[in-house]
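**Student:** What follows is a single structure, and I will ask about it in a moment.
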Amino acid sequence: MPIDHHRLQTLTALARKVLWLSSWTIHNANHIRPNTDGLKVGGHQASSASLATIMSALYFAVLKPEDRIAVKPHASPVFHAIQYLFGNQTREKLENFRGFKGAQSYPSRTKDIDDVDFSTGSVGLGVAQTLFSSLVQDYVSAHGWMKDRREGRMIALVGDAEMDEGNIFEALLEGWKHGLRNTWWIVDYNRQSLDAVVREGLWEKFESMFRNFGWDVVIVKYGRLMDAAFAEPGGAALKTWIDNCPNQIYSALCFQGGAAFRKRLNDEIGDQGLVSRLIEARSDEKLLALMSNLGGHDMASMVEAFEAIDHDRPVCFIAYTIKGVGLPFQGHKDNHAGLMTPTQMETWRAAQNIRPGHEWDRYEGLTQGAAKLDAFLKDVPFVQQGTRRLSADVIDVPAHLSFKPSPAMSTQQGFGLVLHELARGDTELASRIVTASPDVTVSTNLGAWVNRRGLFARAEKADHFRSEKIPSTFNWDFSPKGQHIELGIAESNLFILMSALGLSSSVNGTRLLPIATLYDPFISRALDQLNYACYQDARFMVAATPSGITLAPEGGAHQSIATPLIGMAQDGLASFEPAFVDELAVIMRWGFQHMQRDAGTDDSGQRAGGAVYLRLSTRTIEQPQRMMTPELQQGITDGAYWLRKPGANCDLVIAYTGTLAPEAIEATGLLGDSHRDIGLLAITSADRLHAGWTSARKIRRDRRNPQHLSHIEKLLQPLPRDFGIVTVLDGHPATLGWIGSVCGHRMEALGVEQFGQTGTIGDLYRHHGLDANAIVDAAEELSGIPVLHRKMAV
């Protein structure tokens with residue numbers, strides 16, 4: 001249906017204002033605000049300009065409160081300008097764009113004050129996020145948790161060059177498998193990337209690809225001025241020339257202006273009477289306005305294209321645009337990071353009717369009255385529900401998570417047993433757990449959970465092996481009530497799905513407790529996606545297993561070295577590596593609570609809530625028989641406890657993490673005669689220990705609490721100052737190598753620094769210096785006994 005004339009005028013005026021505010025915000029940051037460090041502030045005036053009309057059409061006309069949108073990172077200033085007009089952003093934040101605590105360079109859920117649905121910035125990830133958020137909305141709806149809320153559309157604004165990102169293609173395939181709905185991707189087809197102009201005919205590849213995955217494709221190429229010109233005598237020839245004009249030439253002509261277009265058209269179309277009259281009837285200025293009136297810059301074309309969609313199938317809009325449209329460098333291939341000069345800005349300011357000193361006025365330069373514009377913005381559908389970020393109740397976690405114990409177990413096995421016991425019950429906690437894995441569900445011990453809780457699909461799908469009476473250990477039916485989301489071999493998809501599930505509280509008003517399992521070495525395949533999920537403060541649990549060289553026969557390709565350091569370094573992710581299953585059960589209980597805590601810091605200065613990473617192993621080790629006291633539980637979750645408490649004359653501590661427990665225990669026994677007061681420290685979380693230590697030092701430096709001690713300081717400070725520490729883990733030794741700095745003790749850090757190879761655990765532990773003899777050798781080195789001398793004596 002054609003758009004109403006008065007509505008169109010107002011929308012066009014607001015888009016013009018959005019373009020001004022976004023461009024001025026960047027200009028102010030680079031040319032007006034004092035620059036104290038000499039660095040270029042940056043911003044993307046050209047990338048913002050190409051989306052100003054599209055985003056204005058969405059926010060001021062099309063979006064409903066339940067819709068969620070991921071904004072192209074480089075269009076952040078446009079987003080902030082729109083929110084400023086809505087009253088959700090402040091002038092102070094805009095004036096401090098890209099400054100400390102100002103409006104962020106790229107939209108951020110956690111750092112911006114305006115209504116950011118999904119953080120963007122790492123190119124392509126926000127796009128895939130909308131696809132998985134749509135699948136999560138289906139999951140919540142199928143389980144009956146939408147309550148009175150309407151389903152929303154998950155919308156991504158994506159640059160055409162951004163479509164090169166591989167994770168987008170992986171996500172498309174997963175969406176097709178799960179019957180994706182309620183998803184719009186709007187491609188800003190300006191045919192330019194950071195360094196170049198994109199290949200000819202790329203839109204055809206986009207169209208074919210999306211249609212093959214079951215998407216509708218809507219191409220918005222021409223604006224109303226173009227359509228009107230095409231209807232004139234000679235217009236068909238002009239349309240043919242536009243369609244055939246190479247991207248580079250069209251971009252260059254947009255930069256050169258109307259006179260250049262006129263010469264090129266006359267040279268290439270020639271004197272054909274009707275078409276020549278069409279061209280000559282327009283001044284250079286009007287001819288440029290016509291030739292730059294692509295669909296993505298025409299308000300009527302965009303609103304009508306969006307409002308014509310009356311179904312829930314996924315839609316890809318390919319909107320033709322000009323990068324930097326309306327600015328002095330429109331179409332220039334170097335304009336990606338280009339900035340208007342002060343002289344250019346003054347010229348453009350005059351053209352926009354902006355008075356000096358009134359640059360930040362909301363309606364400056366517009367002919368519509370302020371009262372009319374206020375009334376229009378107040379009635380915009382998108383803002384009718386006020387705050388769009390939802391909340392959900394905290395799910396109770398039992399005082400203890402039970403499992404069926406065995407004398408010898410692996411932590412991976414224990415993880416499966418804990419989930420199996422939860423699956424057997426009818427608790428709210430169990431109902432809110434949703435698991436996912438990239439094609440390693442069985443080999444990461446999720447099989448028992450899936451057997452009881454089923455796989456998720458919007459339609460029932462039976463297990464044909466069972467219906468055909470073929471014996472199988474696993475009974476996997478798909479249903480709308482299933483609680484496991486099956487994924488293909490794509491760790492990128494796993495972590496973007498975790499991000500979507502982990503934001504369900506604020507997006508869908510329903511709390512989910514997502515758990516991902518994958519092989520520990522393959523975390524590195526999707527570090528960008530994991531970082532992205534944590535940056536958004538999504539809440540989830542990762543069980544990564546098997547890990548380290550302990551997966552001995554698999555060789556270096558499946559053995560992980562650096563993942564403990566990743567766990568320590570990743571903000572928003574609490575990392576644990578337990579040795580025993582009773583520790584794991586305590587950590588998982590703490591993790592379910594940690595996933596639900598509000599953002600901020602606790603009394604120790606650490607993050608109060610976040611995601612959780614469990615580094616687990618397939619190695620079966622003997623389990624301790626002990627009471628799980630409150631003190632022991634606290635030590636486990638704080639990061640360490642004494643498995644053997646040192647005596648008053650302690651001169652040596654062995655500190656281990658994870659699956660090296662048997663070697664550390666054996667070495668402690670071997671050293672017991674020469675070091676009678678030896679201590680054995682079980683480290684369950686190097687991450688929590690280190691974070692607590694650095695936070696404590698900051699608290700003391702800031703004089704907030706000069707007496708505050710971290711957990712590791714409380715463990716080590718009572719001991720003599722001259723004792724030595726040997727640390728050992730199946731991972732990089734730097735993970736624990738900092739512990740000697742806590743109280744200034746001598747130490748030796750053992751670990752793995754090179755790729756492993758195939759062999760038995762014993763072979764590899766000896767080769768990498770992790771076995772009990774290596775620990776003993778390191779301890780005696782600290783004691784000043786030469787290893788060579790000892791070996792000769794033996």
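Following the order of the structure tokens, chains are lettered A, B, ..., residues in each are numbered from 1, and ligands are numbered from 1.
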Among stretch 460-631 of chain A, which residues carry a DSSP assignment of strand (DSSP E or B), reported as a VMD selection string?

**Tutor:** chain A and resid 461 478 to 479 484 to 487 513 to 518 541 to 544 573 to 576 601 607 611 to 615 621 to 622

**Student:** Please build the interface table for stretch 138-252 of chain A against stretch 260-278 of chain A with a cut-off of 10 Å, listing for each qualifying residue the nearest atom pair and the distance in Å to one decimal; count only C-alpha atoms, order rows by chain and increasing number, and write it as CSV.

**Tutor:**
```
residue,atom,partner,partner_atom,distance
A:Ala229,CA,A:Leu278,CA,7.7
A:Phe230,CA,A:Leu278,CA,9.6
A:Glu232,CA,A:Leu278,CA,7.4
A:Pro233,CA,A:Leu274,CA,5.7
A:Gly234,CA,A:Val275,CA,4.0
A:Gly235,CA,A:Val275,CA,6.5
A:Ala236,CA,A:Val275,CA,8.5
A:Ala237,CA,A:Val275,CA,6.8
A:Leu238,CA,A:Val275,CA,7.0
A:Thr240,CA,A:Ile269,CA,9.8
A:Trp241,CA,A:Ile269,CA,7.6
A:Ile242,CA,A:Leu265,CA,9.6
A:Ile249,CA,A:Arg264,CA,9.8
A:Tyr250,CA,A:Phe261,CA,8.8
A:Ala252,CA,A:Ala260,CA,9.2
```

**Student:** Excluding same-chain residues fewer than 3 positions from A:His767, what lies within 12 Å of it counting only C-alpha atoms, as a count of residues only?

**Tutor:** 20

**Student:** Of the residues A:Asn167, A:Asn335, A:Thr550, A:Asn96, which is the one nearest to A:Ser122, using only C-alpha atoms?

**Tutor:**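 Using only C-alpha atoms, A:Ser122 sits closest to A:Asn167.
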
**Student:** Pick out the residues sitting within 6 Å of stretch 567-580 of chain A, and hand them over as a list in words; count only C-alpha atoms, and ignore anything fewer than 5 positions along from it in its own chain.

**Tutor:**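 The filter keeps Cys534, Gly610, Ala611, Val612, Tyr613, Leu614, Arg615, Gly658, Thr659, Thr684, Ser685 and Asp687 of chain A.
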
**Student:** At a cut-off of 12 Å, using only C-alpha atoms, what residues contact A:Ser492? Leave out same-chain residues fewer than 2 positions from it and give the result as a VMD selection string.

**Tutor:** chain A and resid 124 to 125 128 to 129 132 165 to 171 174 437 to 438 487 to 490 494 to 499 516 518 522 to 533

**Student:** Any chance you can output those residues with N, CA and C atoms as a tab-separated table (two decimals), in the first residue's frame?

**Tutor:**
```tsv
chain	number	residue	atom	x	y	z
A	124	GLY	N	29.89	-9.43	11.48
A	124	GLY	CA	29.11	-10.61	11.11
A	124	GLY	C	28.44	-11.32	12.26
A	125	LEU	N	28.94	-11.17	13.49
A	125	LEU	CA	28.41	-11.94	14.60
A	125	LEU	C	27.02	-11.47	15.01
A	128	ALA	N	24.46	-13.19	12.64
A	128	ALA	CA	24.13	-14.57	13.01
A	128	ALA	C	23.35	-14.62	14.32
A	129	GLN	N	23.62	-13.68	15.22
A	129	GLN	CA	22.92	-13.65	16.50
A	129	GLN	C	21.41	-13.55	16.30
A	132	PHE	N	19.90	-17.02	15.49
A	132	PHE	CA	19.78	-17.91	16.64
A	132	PHE	C	18.81	-17.36	17.69
A	165	GLU	N	31.80	-12.90	5.88
A	165	GLU	CA	32.14	-13.62	7.10
A	165	GLU	C	31.59	-15.05	7.07
A	166	GLY	N	32.50	-16.02	7.33
A	166	GLY	CA	32.11	-17.42	7.23
A	166	GLY	C	31.05	-17.84	8.22
A	167	ASN	N	31.03	-17.22	9.41
A	167	ASN	CA	30.04	-17.65	10.42
A	167	ASN	C	28.61	-17.39	9.95
A	168	ILE	N	28.45	-16.41	9.03
A	168	ILE	CA	27.11	-16.13	8.51
A	168	ILE	C	26.61	-17.32	7.69
A	169	PHE	N	27.48	-17.90	6.88
A	169	PHE	CA	27.07	-19.02	6.05
A	169	PHE	C	26.79	-20.26	6.91
A	170	GLU	N	27.59	-20.47	7.95
A	170	GLU	CA	27.33	-21.58	8.85
A	170	GLU	C	25.97	-21.41	9.53
A	171	ALA	N	25.66	-20.17	9.91
A	171	ALA	CA	24.39	-19.91	10.58
A	171	ALA	C	23.22	-20.14	9.64
A	174	GLU	N	22.31	-23.73	9.57
A	174	GLU	CA	21.64	-24.17	10.80
A	174	GLU	C	20.20	-23.67	10.84
A	437	SER	N	25.23	-29.02	21.38
A	437	SER	CA	26.57	-29.52	21.13
A	437	SER	C	26.79	-29.63	19.63
A	438	PRO	N	28.00	-29.33	19.15
A	438	PRO	CA	28.27	-29.43	17.70
A	438	PRO	C	28.62	-30.85	17.29
A	487	LEU	N	23.01	-29.47	16.78
A	487	LEU	CA	23.76	-28.62	15.87
A	487	LEU	C	24.70	-29.46	15.02
A	488	GLY	N	25.03	-28.91	13.87
A	488	GLY	CA	26.05	-29.54	13.04
A	488	GLY	C	27.44	-29.21	13.55
A	489	ILE	N	28.45	-29.61	12.78
A	489	ILE	CA	29.83	-29.45	13.23
A	489	ILE	C	30.26	-28.00	12.99
A	490	ALA	N	29.90	-27.13	13.89
A	490	ALA	CA	30.23	-25.70	13.76
A	490	ALA	C	30.25	-25.08	15.14
A	494	LEU	N	27.64	-22.85	17.82
A	494	LEU	CA	27.39	-23.23	19.21
A	494	LEU	C	27.44	-22.02	20.13
A	495	PHE	N	28.49	-21.20	19.99
A	495	PHE	CA	28.64	-20.09	20.91
A	495	PHE	C	27.70	-18.93	20.60
A	496	ILE	N	27.33	-18.76	19.33
A	496	ILE	CA	26.33	-17.73	19.05
A	496	ILE	C	24.96	-18.18	19.56
A	497	LEU	N	24.69	-19.48	19.48
A	497	LEU	CA	23.46	-20.00	20.08
A	497	LEU	C	23.50	-19.80	21.60
A	498	MET	N	24.64	-20.06	22.23
A	498	MET	CA	24.76	-19.82	23.67
A	498	MET	C	24.49	-18.35	23.99
A	499	SER	N	25.00	-17.47	23.14
A	499	SER	CA	24.74	-16.04	23.35
A	499	SER	C	23.26	-15.75	23.30
A	516	ALA	N	26.55	-25.80	26.95
A	516	ALA	CA	27.18	-26.22	25.71
A	516	ALA	C	28.27	-27.23	26.02
A	518	LEU	N	31.54	-29.34	24.06
A	518	LEU	CA	32.39	-29.46	22.87
A	518	LEU	C	33.74	-29.99	23.32
A	522	PHE	N	38.70	-27.43	20.61
A	522	PHE	CA	37.95	-26.74	19.57
A	522	PHE	C	37.31	-25.45	20.05
A	523	ILE	N	37.52	-25.11	21.32
A	523	ILE	CA	37.14	-23.77	21.78
A	523	ILE	C	37.84	-22.72	20.92
A	524	SER	N	39.08	-23.01	20.54
A	524	SER	CA	39.85	-22.05	19.75
A	524	SER	C	39.21	-21.77	18.39
A	525	ARG	N	38.43	-22.70	17.88
A	525	ARG	CA	37.76	-22.48	16.59
A	525	ARG	C	36.75	-21.35	16.65
A	526	ALA	N	36.25	-21.09	17.82
A	526	ALA	CA	35.15	-20.12	17.93
A	526	ALA	C	35.42	-19.10	19.03
A	527	LEU	N	36.69	-18.72	19.16
A	527	LEU	CA	37.03	-17.75	20.21
A	527	LEU	C	36.33	-16.42	20.00
A	528	ASP	N	36.22	-15.98	18.75
A	528	ASP	CA	35.56	-14.70	18.47
A	528	ASP	C	34.11	-14.76	18.93
A	529	GLN	N	33.45	-15.87	18.64
A	529	GLN	CA	32.05	-16.02	19.03
A	529	GLN	C	31.90	-16.15	20.55
A	530	LEU	N	32.83	-16.84	21.20
A	530	LEU	CA	32.80	-16.94	22.66
A	530	LEU	C	33.02	-15.57	23.28
A	531	ASN	N	33.99	-14.83	22.76
A	531	ASN	CA	34.24	-13.49	23.27
A	531	ASN	C	33.02	-12.60	23.07
A	532	TYR	N	32.38	-12.72	21.91
A	532	TYR	CA	31.19	-11.93	21.60
A	532	TYR	C	30.07	-12.23	22.59
A	533	ALA	N	29.87	-13.50	22.89
A	533	ALA	CA	28.81	-13.88	23.83
A	533	ALA	C	29.10	-13.30	25.22
```

**Student:** If we count only C-alpha atoms and set the cut-off at 12 Å, which residues sit around A:Asp677, ignoring sequence neighbours fewer than 3 positions away in its own chain? Please answer as number ranges by chain.

**Tutor:** A: 644-654, 668-669, 671-674, 680, 719-720, 723

**Student:** Within 6 Å of stretch 416-428 of chain A, counting only C-alpha atoms, which residues show up once you throw out same-chain ones fewer than 3 positions away? Write them as a PyMOL selection string, please.

**Tutor:** chain A and resi 403+413+431+445-446+448-449

**Student:** Using DSSP assignments from the backbone, pull out every residue in stretch 13-235 of chain A that falls under helix (DSSP H, G or I) and give it to me as number ranges by chain.

**Tutor:** A: 13-32, 45-49, 52-62, 73-86, 91-95, 125-142, 161-164, 166-177, 202-212, 224-231, 235

**Student:** A:Pro662, A:Gly740, A:Pro65, A:Gly87: which is nearest A:Asp117, counting only C-alpha atoms?

**Tutor:**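 Closest to A:Asp117, using only C-alpha atoms: A:Pro65.
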
**Student:** Have a look at atom CA of A:Ser283 and atom CA of A:Phe255 and let me know their distance in Å, one decimal.

**Tutor:**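 If I compute the distance from atom CA of A:Ser283 to atom CA of A:Phe255, I get 16.5 Å.
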
**Student:** Please report the interatomic distance between atom CA of A:Ser479 and atom CA of A:Arg458 in Å with one decimal.

**Tutor:** 6.4 Å
